[in-house]
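*Asks:* Pasting a structure below so you can have a look.
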Amino acid sequence: MKKIDPTFTTVKKTVCPFCSFGCELGVVFDEFGVKGVEYIKEGSSEGRLCPRGSAAALYLNHPKRLSMPMKNGKVLEWSKLIKDLKKIIGAPKNVAVTFDRNITIEEYESIISFCNKTGIENIASTYFEPEIFLKKFLNKPFSLDEIDNAQMIIVLGDPFSQAPMISKALINWKLRDRKNRLVVIDTINSHTAGFANDFLKGTVGTEPILLFSLAQENIGNIDIPAITNIAESKITEISKSFKQAENGLIIVSLPFAHTYDPLLLTQGLVKLSTFSNKKVVPLVEFAGFEGNQYFGSIMSLVKKKKIKHLINFGELFPFYYAQVAKNLKALNIYSTSTIKYNGYTTIPAALNLEKEGTILTNFGKKKLDGNIKPPSGAKTISEILALFQEMSGKGKRLDMPELKINIKERAKKLVEKCTTPKTKKKKIFKLIGEKIAYNFLGFFEKEILKLNLHDAKELGIKQNDIISIKSKHGSIELAAKLTKDVEKGIVSIPAETPEVKSLFDFDIDNNIINFIPTEVEIWRRG
Amino acid sequence: MAKRIVLDLDLCCGCRSCEAACKAAYKGEARIRHGEIAGEAYLPLACKHCKDPLCVAACPVDAIKRDDETGLVIRSSLICIGCQSCAYACPFGVIDAPLVRHVSQKCNLCNDREDGPRCVAACSSGALQFLTEEEIEKHEIGMRMVSKNAFFRRKA
């Protein structure tokens, strides 16, 4: 075989930034720049990468890569940007600082130092959904051997979609010994569910109730089989077996907009983990950091006109969603970004692939060598903060306010949400999201809407018909996939792009933003 | 010893990492296709590098040739005129008919890479393997689940 010419080709090792799994990968450079991705066998995923990891190199020299600060589509000089920012932070009470997963531990500490020295008190993570709570389970590093050693595993959601690198361990574990038992809790048929010994296909949004039932926890007077559609004897049997299993795991890979109450769901996981003495392994999009308050608090302060400026360290994407953008309209937003975006003032930043520092993953802390240089003009967050010389340094980690809940009260409310009667005049569907690694940023085909065969027949919709889907936030058109995977009255969509995510309702409960199953109308175009 | 990409249907989890790895390496042109068997199992398909390839026979300009030494069936981008004859001739349907850049997309087993095809390296479940003919004969592939019960996966 033809060999790679070492004179021109180098492979620089880094860590994939797209989920908490943190797979090692190599970026191949030739004499013309970034050539592609190489697979590092010594890594935690043994060189295997999901579609997002395989496409990582495309982001390094993306045609839309930002290389200069921009304001309303026009180039802004660095000196002018820093001058503007210094003026803003002169009145720190009007300012909020946010950040996402795309920062290293060292960058996080620099940001906190910056906030401490400038007197900025409104600091939040841009985490949405239940992931902000699931992150706390990352404290115990995970190893794939734990799957091999387990006798019983309970999976919430579909890990093959979120972090497919887990599939090899899980499938081989399942095939190796007939006694190994896999229980899947989900609302739609997934590939993981297809492998399961027991598939607890609950009603949409009832996952927390199932978790409490498995933990044999009293959550009040709730008719569990009626609300979840799962027999009580089945739940009791699984619960006993799981407790008795010597080794076991609870793997959580929650799809988008599936749960009405992330706090209750997290409590359910804590209870099941304590009851069974088994570890929770969260597969999350982000493994980042917390501020001193939730993002919802920032939105409330914006509404009260107490915050005028927001400085975001991380990707801009949380602000792409129409529902969020609407709430932040009054804000003057400065954000680091890797790609061009005209809506706000953007500051060209390095990708995690290009940074030096430490990041959090499912496997513990990992080092980034920083041997891949960002494009000319883009800076790391530490470099940007160094421009405010007197404010750089090392700040201490912040603690989020602990949220205490009344489990019985919330469970009762959840039951009401899950059993909302449908109006008879119009056919209303419940839209839920799916996480599918290969649909990342539309790398493959456009999204499809999964629709139950019987519902499709009623509405006269055929396979691949273009259909319109409308929620109170907006509407989009896409192709229909008729399937038995979703139940009657439910439609499902891979929620990866802002256009799709903008269809969903969100709740702000305890200042946490949570995307929820959403009522939609659908019809065939034309 | 000539090596081939082999798929273990039991292990494929349908993540499409193989297709993404190929697409990322070859300027957006994936040479491995990801299909489904009646919604029951996933079936990534790449060129088999046949011993007597029909695509070679069909090519009017001899753009596709078989290297007898390595067993590789290679298409030349320079000579290919984009007539799609190979796409129609291939009995496995692994050469896509709608041509990108007006040349056919044809798997070359990543012969620019020492460690073999990228799709095999990326495969998240280990379903794709790169084996010699001898190894293929010794290997029990897809014998545990799918071949015994095609409906195993979607029993829910």
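By order in the structure tokens, chains are A, B, ...; within a chain, residues start at 1; ligands start at 1, following the order shown.
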Considering only C-alpha atoms, give me a table of residues in chain A that are at most 9 Å from chain B, with the closest atom pair and distance in Å for each, as a tab-separated table.
*Replies:*
residue	atom	partner	partner_atom	distance
A:Met1	CA	B:Asn111	CA	5.7
A:Lys2	CA	B:Asp112	CA	5.4
A:Lys3	CA	B:Glu114	CA	5.9
A:Ile4	CA	B:Asp112	CA	6.4
A:Lys35	CA	B:Ala25	CA	7.8
A:Gly36	CA	B:Ala25	CA	6.0
A:Val37	CA	B:Ala25	CA	7.7
A:Glu38	CA	B:Arg118	CA	8.2
A:Tyr39	CA	B:Ala121	CA	6.4
A:Lys41	CA	B:Ala121	CA	8.7
A:Ser45	CA	B:Ser124	CA	8.3
A:Gly47	CA	B:Ala121	CA	6.6
A:Arg48	CA	B:Ala122	CA	4.5
A:Leu49	CA	B:Ala122	CA	4.9
A:Cys50	CA	B:Ser17	CA	4.9
A:Pro51	CA	B:Ser17	CA	4.3
A:Arg52	CA	B:Ala20	CA	7.8
A:Gly53	CA	B:Ser17	CA	8.5
A:Ser54	CA	B:Ala21	CA	5.0
A:Ala55	CA	B:Ala24	CA	5.5
A:Ala56	CA	B:Ala24	CA	8.6
A:Ala57	CA	B:Ala24	CA	8.0
A:Leu58	CA	B:Ala24	CA	7.2
A:Phe160	CA	B:Cys13	CA	6.7
A:Ser161	CA	B:Cys15	CA	6.6
A:Ala163	CA	B:Ser124	CA	8.9
A:Pro164	CA	B:Ser124	CA	5.8
A:Met165	CA	B:Ser124	CA	4.7
A:Ile166	CA	B:Ser125	CA	7.5
A:Ser167	CA	B:Ser125	CA	5.2
A:Lys168	CA	B:Ser125	CA	4.0
A:Ala169	CA	B:Ser125	CA	7.7
A:Leu170	CA	B:Ser125	CA	8.9
A:Ile171	CA	B:Leu11	CA	6.6
A:Asn172	CA	B:Leu11	CA	7.9
A:Leu175	CA	B:Arg144	CA	7.7
A:Asn189	CA	B:Ala156	CA	6.8
A:Ser190	CA	B:Arg154	CA	8.3
A:His191	CA	B:Cys13	CA	6.8
A:Thr192	CA	B:Cys13	CA	8.2
A:Ala193	CA	B:Ala156	CA	7.1
A:Gly194	CA	B:Arg153	CA	4.3
A:Phe195	CA	B:Arg153	CA	5.7
A:Ala196	CA	B:Ala156	CA	8.5
A:Asp198	CA	B:Ala156	CA	8.7
A:Phe199	CA	B:Ala156	CA	6.8
A:Lys201	CA	B:Ala156	CA	8.6
A:Ile436	CA	B:Cys15	CA	8.0
A:Ala437	CA	B:Cys15	CA	7.0
A:Tyr438	CA	B:Arg16	CA	6.3
A:Phe443	CA	B:Ala20	CA	8.0
A:Phe444	CA	B:Ala20	CA	8.2
A:Asp485	CA	B:Ala156	CA	8.8
*Asks:* Contacts of Val61 (chain B) at 10 Å or less, counting only C-alpha atoms, minus same-chain residues fewer than 4 places along, as a ChimeraX atom specification?
*Replies:* /B:56,79-81,83
*Asks:* Which polymer residues have any atom within 10 Å of an atom of Lys366 (chain A), counting only C-alpha atoms, with same-chain residues fewer than 3 positions away left out, as JSON, numbers by chain?
*Replies:* {"A": [14, 15, 22, 23, 24, 104, 357, 358, 359, 360, 361, 362, 363, 369]}
*Asks:* Which one of A:Arg524, A:Val491, A:Cys115, A:Phe317 sits closest to Lys462 (chain A) if you count only C-alpha atoms?
*Replies:*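 Among the listed residues, the smallest separation from Lys462 (chain A) belongs to A:Arg524.
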*Asks:* Between A:Ile508, A:Leu200, A:Ile490, A:Ile372, which has the minimum distance to Gly33 (chain A) (counting only C-alpha atoms)?
*Replies:*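 For Gly33 (chain A), the nearest of the given residues is A:Ile372.
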*Asks:* Taking only C-alpha atoms into account, which of B:Glu29, B:Arg66, B:Glu36, B:Arg4 comes nearest Lys48 (chain B)?
*Replies:* B:Arg4
*Asks:* For a quick check of understanding, using only C-alpha atoms, which of B:Val103, B:Ala89, B:Ile32, B:Leu45 has the smallest distance to Ser76 (chain B)?
*Replies:*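 Result for the nearest residue to Ser76 (chain B): B:Val103.
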*Asks:* Considering only alpha helix (DSSP H) as DSSP defines it on the backbone, what residues of region 19-137 of chain B qualify? List them as a VMD selection string.
*Replies:* chain B and resid 19 to 25 54 to 58 85 to 89 118 to 122 133 to 137
*Asks:* How would the residues just chosen look if you wrote them out with N, CA and C atoms as a CSV table (one decimal), in the first residue's frame?
*Replies:*
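Written out: out_12.csv:
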chain,number,residue,atom,x,y,z
B,19,GLU,N,-19.8,6.0,7.2
B,19,GLU,CA,-20.2,6.9,6.1
B,19,GLU,C,-19.6,8.3,6.4
B,20,ALA,N,-19.6,8.7,7.6
B,20,ALA,CA,-19.1,10.0,7.9
B,20,ALA,C,-17.6,10.1,7.8
B,21,ALA,N,-16.9,9.0,8.2
B,21,ALA,CA,-15.5,9.0,8.0
B,21,ALA,C,-15.1,9.0,6.6
B,22,CYS,N,-15.8,8.3,5.7
B,22,CYS,CA,-15.5,8.3,4.3
B,22,CYS,C,-15.8,9.6,3.7
B,23,LYS,N,-17.0,10.2,4.1
B,23,LYS,CA,-17.4,11.5,3.5
B,23,LYS,C,-16.4,12.6,3.9
B,24,ALA,N,-15.9,12.5,5.1
B,24,ALA,CA,-15.0,13.6,5.6
B,24,ALA,C,-13.7,13.4,4.9
B,25,ALA,N,-13.3,12.2,4.6
B,25,ALA,CA,-12.0,12.0,4.0
B,25,ALA,C,-12.0,12.3,2.5
B,54,LEU,N,-17.7,-6.5,-12.6
B,54,LEU,CA,-18.5,-6.1,-13.7
B,54,LEU,C,-18.3,-4.6,-14.1
B,55,CYS,N,-18.0,-3.8,-13.0
B,55,CYS,CA,-17.7,-2.4,-13.3
B,55,CYS,C,-16.6,-2.1,-14.2
B,56,VAL,N,-15.5,-3.0,-14.1
B,56,VAL,CA,-14.3,-2.9,-15.0
B,56,VAL,C,-14.8,-3.3,-16.4
B,57,ALA,N,-15.6,-4.3,-16.5
B,57,ALA,CA,-16.0,-4.7,-17.9
B,57,ALA,C,-16.9,-3.7,-18.5
B,58,ALA,N,-17.7,-3.0,-17.7
B,58,ALA,CA,-18.6,-2.0,-18.2
B,58,ALA,C,-18.0,-0.7,-18.6
B,85,SER,N,-21.8,4.0,-16.3
B,85,SER,CA,-21.9,2.6,-16.7
B,85,SER,C,-21.6,1.7,-15.5
B,86,CYS,N,-20.5,2.1,-14.7
B,86,CYS,CA,-20.1,1.2,-13.6
B,86,CYS,C,-21.2,1.2,-12.5
B,87,ALA,N,-21.8,2.3,-12.3
B,87,ALA,CA,-22.9,2.4,-11.3
B,87,ALA,C,-24.0,1.4,-11.7
B,88,TYR,N,-24.4,1.4,-13.0
B,88,TYR,CA,-25.5,0.5,-13.4
B,88,TYR,C,-25.0,-1.0,-13.4
B,89,ALA,N,-23.7,-1.2,-13.7
B,89,ALA,CA,-23.2,-2.6,-13.8
B,89,ALA,C,-23.0,-3.3,-12.5
B,118,ARG,N,-10.7,3.9,6.5
B,118,ARG,CA,-11.1,4.8,7.6
B,118,ARG,C,-12.4,4.3,8.2
B,119,CYS,N,-13.3,3.8,7.3
B,119,CYS,CA,-14.6,3.4,7.8
B,119,CYS,C,-14.4,2.3,8.9
B,120,VAL,N,-13.5,1.4,8.7
B,120,VAL,CA,-13.2,0.3,9.6
B,120,VAL,C,-12.7,0.9,10.9
B,121,ALA,N,-11.7,1.9,10.8
B,121,ALA,CA,-11.1,2.5,12.0
B,121,ALA,C,-12.2,3.3,12.8
B,122,ALA,N,-13.1,3.9,12.1
B,122,ALA,CA,-14.1,4.8,12.8
B,122,ALA,C,-15.2,3.9,13.4
B,133,GLU,N,-8.4,-13.0,3.4
B,133,GLU,CA,-9.4,-14.1,3.0
B,133,GLU,C,-9.3,-15.2,4.0
B,134,GLU,N,-8.1,-15.5,4.4
B,134,GLU,CA,-8.0,-16.7,5.4
B,134,GLU,C,-8.7,-16.3,6.7
B,135,GLU,N,-8.5,-15.1,7.2
B,135,GLU,CA,-9.2,-14.7,8.4
B,135,GLU,C,-10.7,-14.7,8.2
B,136,ILE,N,-11.2,-14.3,7.1
B,136,ILE,CA,-12.6,-14.3,6.8
B,136,ILE,C,-13.2,-15.7,7.0
B,137,GLU,N,-12.5,-16.7,6.5
B,137,GLU,CA,-13.0,-18.1,6.5
B,137,GLU,C,-13.1,-18.6,8.0
*Asks:* Region 30-121 of chain B: which residues are strand (DSSP E) by DSSP, as a list in words?
*Replies:*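 For region 30-121 of chain B, the strand (DSSP E) set is Arg33, His34, Gly35, Glu36, Ile37, Ala41, Tyr42, Leu43, Pro44, Leu45, Ile64, Lys65, Arg66, Val73, Ile74 and Arg75 of chain B.
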*Asks:* Generate a file of the selected residues that holds N, CA and C atoms, formatted as a JSON list (two decimals), in the first residue's frame.
*Replies:*
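Done, and the output landed in out.json:
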[["chain", "number", "residue", "atom", "x", "y", "z"],
["B", 33, "ARG", "N", -22.16, 3.11, 1.57],
["B", 33, "ARG", "CA", -23.57, 3.50, 1.69],
["B", 33, "ARG", "C", -24.17, 2.81, 2.89],
["B", 34, "HIS", "N", -25.06, 3.52, 3.55],
["B", 34, "HIS", "CA", -25.67, 2.93, 4.73],
["B", 34, "HIS", "C", -27.13, 2.60, 4.47],
["B", 35, "GLY", "N", -27.43, 1.33, 4.37],
["B", 35, "GLY", "CA", -28.80, 0.92, 4.10],
["B", 35, "GLY", "C", -29.42, 0.25, 5.30],
["B", 36, "GLU", "N", -30.67, -0.15, 5.15],
["B", 36, "GLU", "CA", -31.35, -0.90, 6.21],
["B", 36, "GLU", "C", -31.99, -2.12, 5.57],
["B", 37, "ILE", "N", -32.03, -3.23, 6.32],
["B", 37, "ILE", "CA", -32.71, -4.41, 5.81],
["B", 37, "ILE", "C", -34.12, -4.40, 6.38],
["B", 41, "ALA", "N", -32.33, -4.55, 10.37],
["B", 41, "ALA", "CA", -30.89, -4.51, 10.64],
["B", 41, "ALA", "C", -30.25, -3.50, 9.70],
["B", 42, "TYR", "N", -29.10, -3.02, 10.10],
["B", 42, "TYR", "CA", -28.40, -2.03, 9.29],
["B", 42, "TYR", "C", -27.39, -2.72, 8.38],
["B", 43, "LEU", "N", -27.14, -2.10, 7.25],
["B", 43, "LEU", "CA", -26.28, -2.75, 6.27],
["B", 43, "LEU", "C", -25.39, -1.74, 5.55],
["B", 44, "PRO", "N", -24.26, -1.39, 6.15],
["B", 44, "PRO", "CA", -23.34, -0.52, 5.43],
["B", 44, "PRO", "C", -22.72, -1.29, 4.26],
["B", 45, "LEU", "N", -22.71, -0.68, 3.11],
["B", 45, "LEU", "CA", -22.24, -1.37, 1.91],
["B", 45, "LEU", "C", -21.06, -0.64, 1.27],
["B", 64, "ILE", "N", -11.53, 2.12, -14.78],
["B", 64, "ILE", "CA", -11.47, 1.24, -13.61],
["B", 64, "ILE", "C", -10.63, 0.02, -13.98],
["B", 65, "LYS", "N", -9.68, -0.27, -13.10],
["B", 65, "LYS", "CA", -8.80, -1.41, -13.36],
["B", 65, "LYS", "C", -8.65, -2.24, -12.10],
["B", 66, "ARG", "N", -8.41, -3.53, -12.29],
["B", 66, "ARG", "CA", -8.16, -4.39, -11.14],
["B", 66, "ARG", "C", -6.67, -4.69, -11.06],
["B", 73, "VAL", "N", -9.73, -2.89, -6.84],
["B", 73, "VAL", "CA", -10.35, -2.37, -8.06],
["B", 73, "VAL", "C", -10.36, -0.85, -7.93],
["B", 74, "ILE", "N", -9.55, -0.21, -8.74],
["B", 74, "ILE", "CA", -9.30, 1.23, -8.58],
["B", 74, "ILE", "C", -9.82, 2.01, -9.79],
["B", 75, "ARG", "N", -10.42, 3.16, -9.48],
["B", 75, "ARG", "CA", -10.92, 4.02, -10.56],
["B", 75, "ARG", "C", -10.03, 5.26, -10.68]]
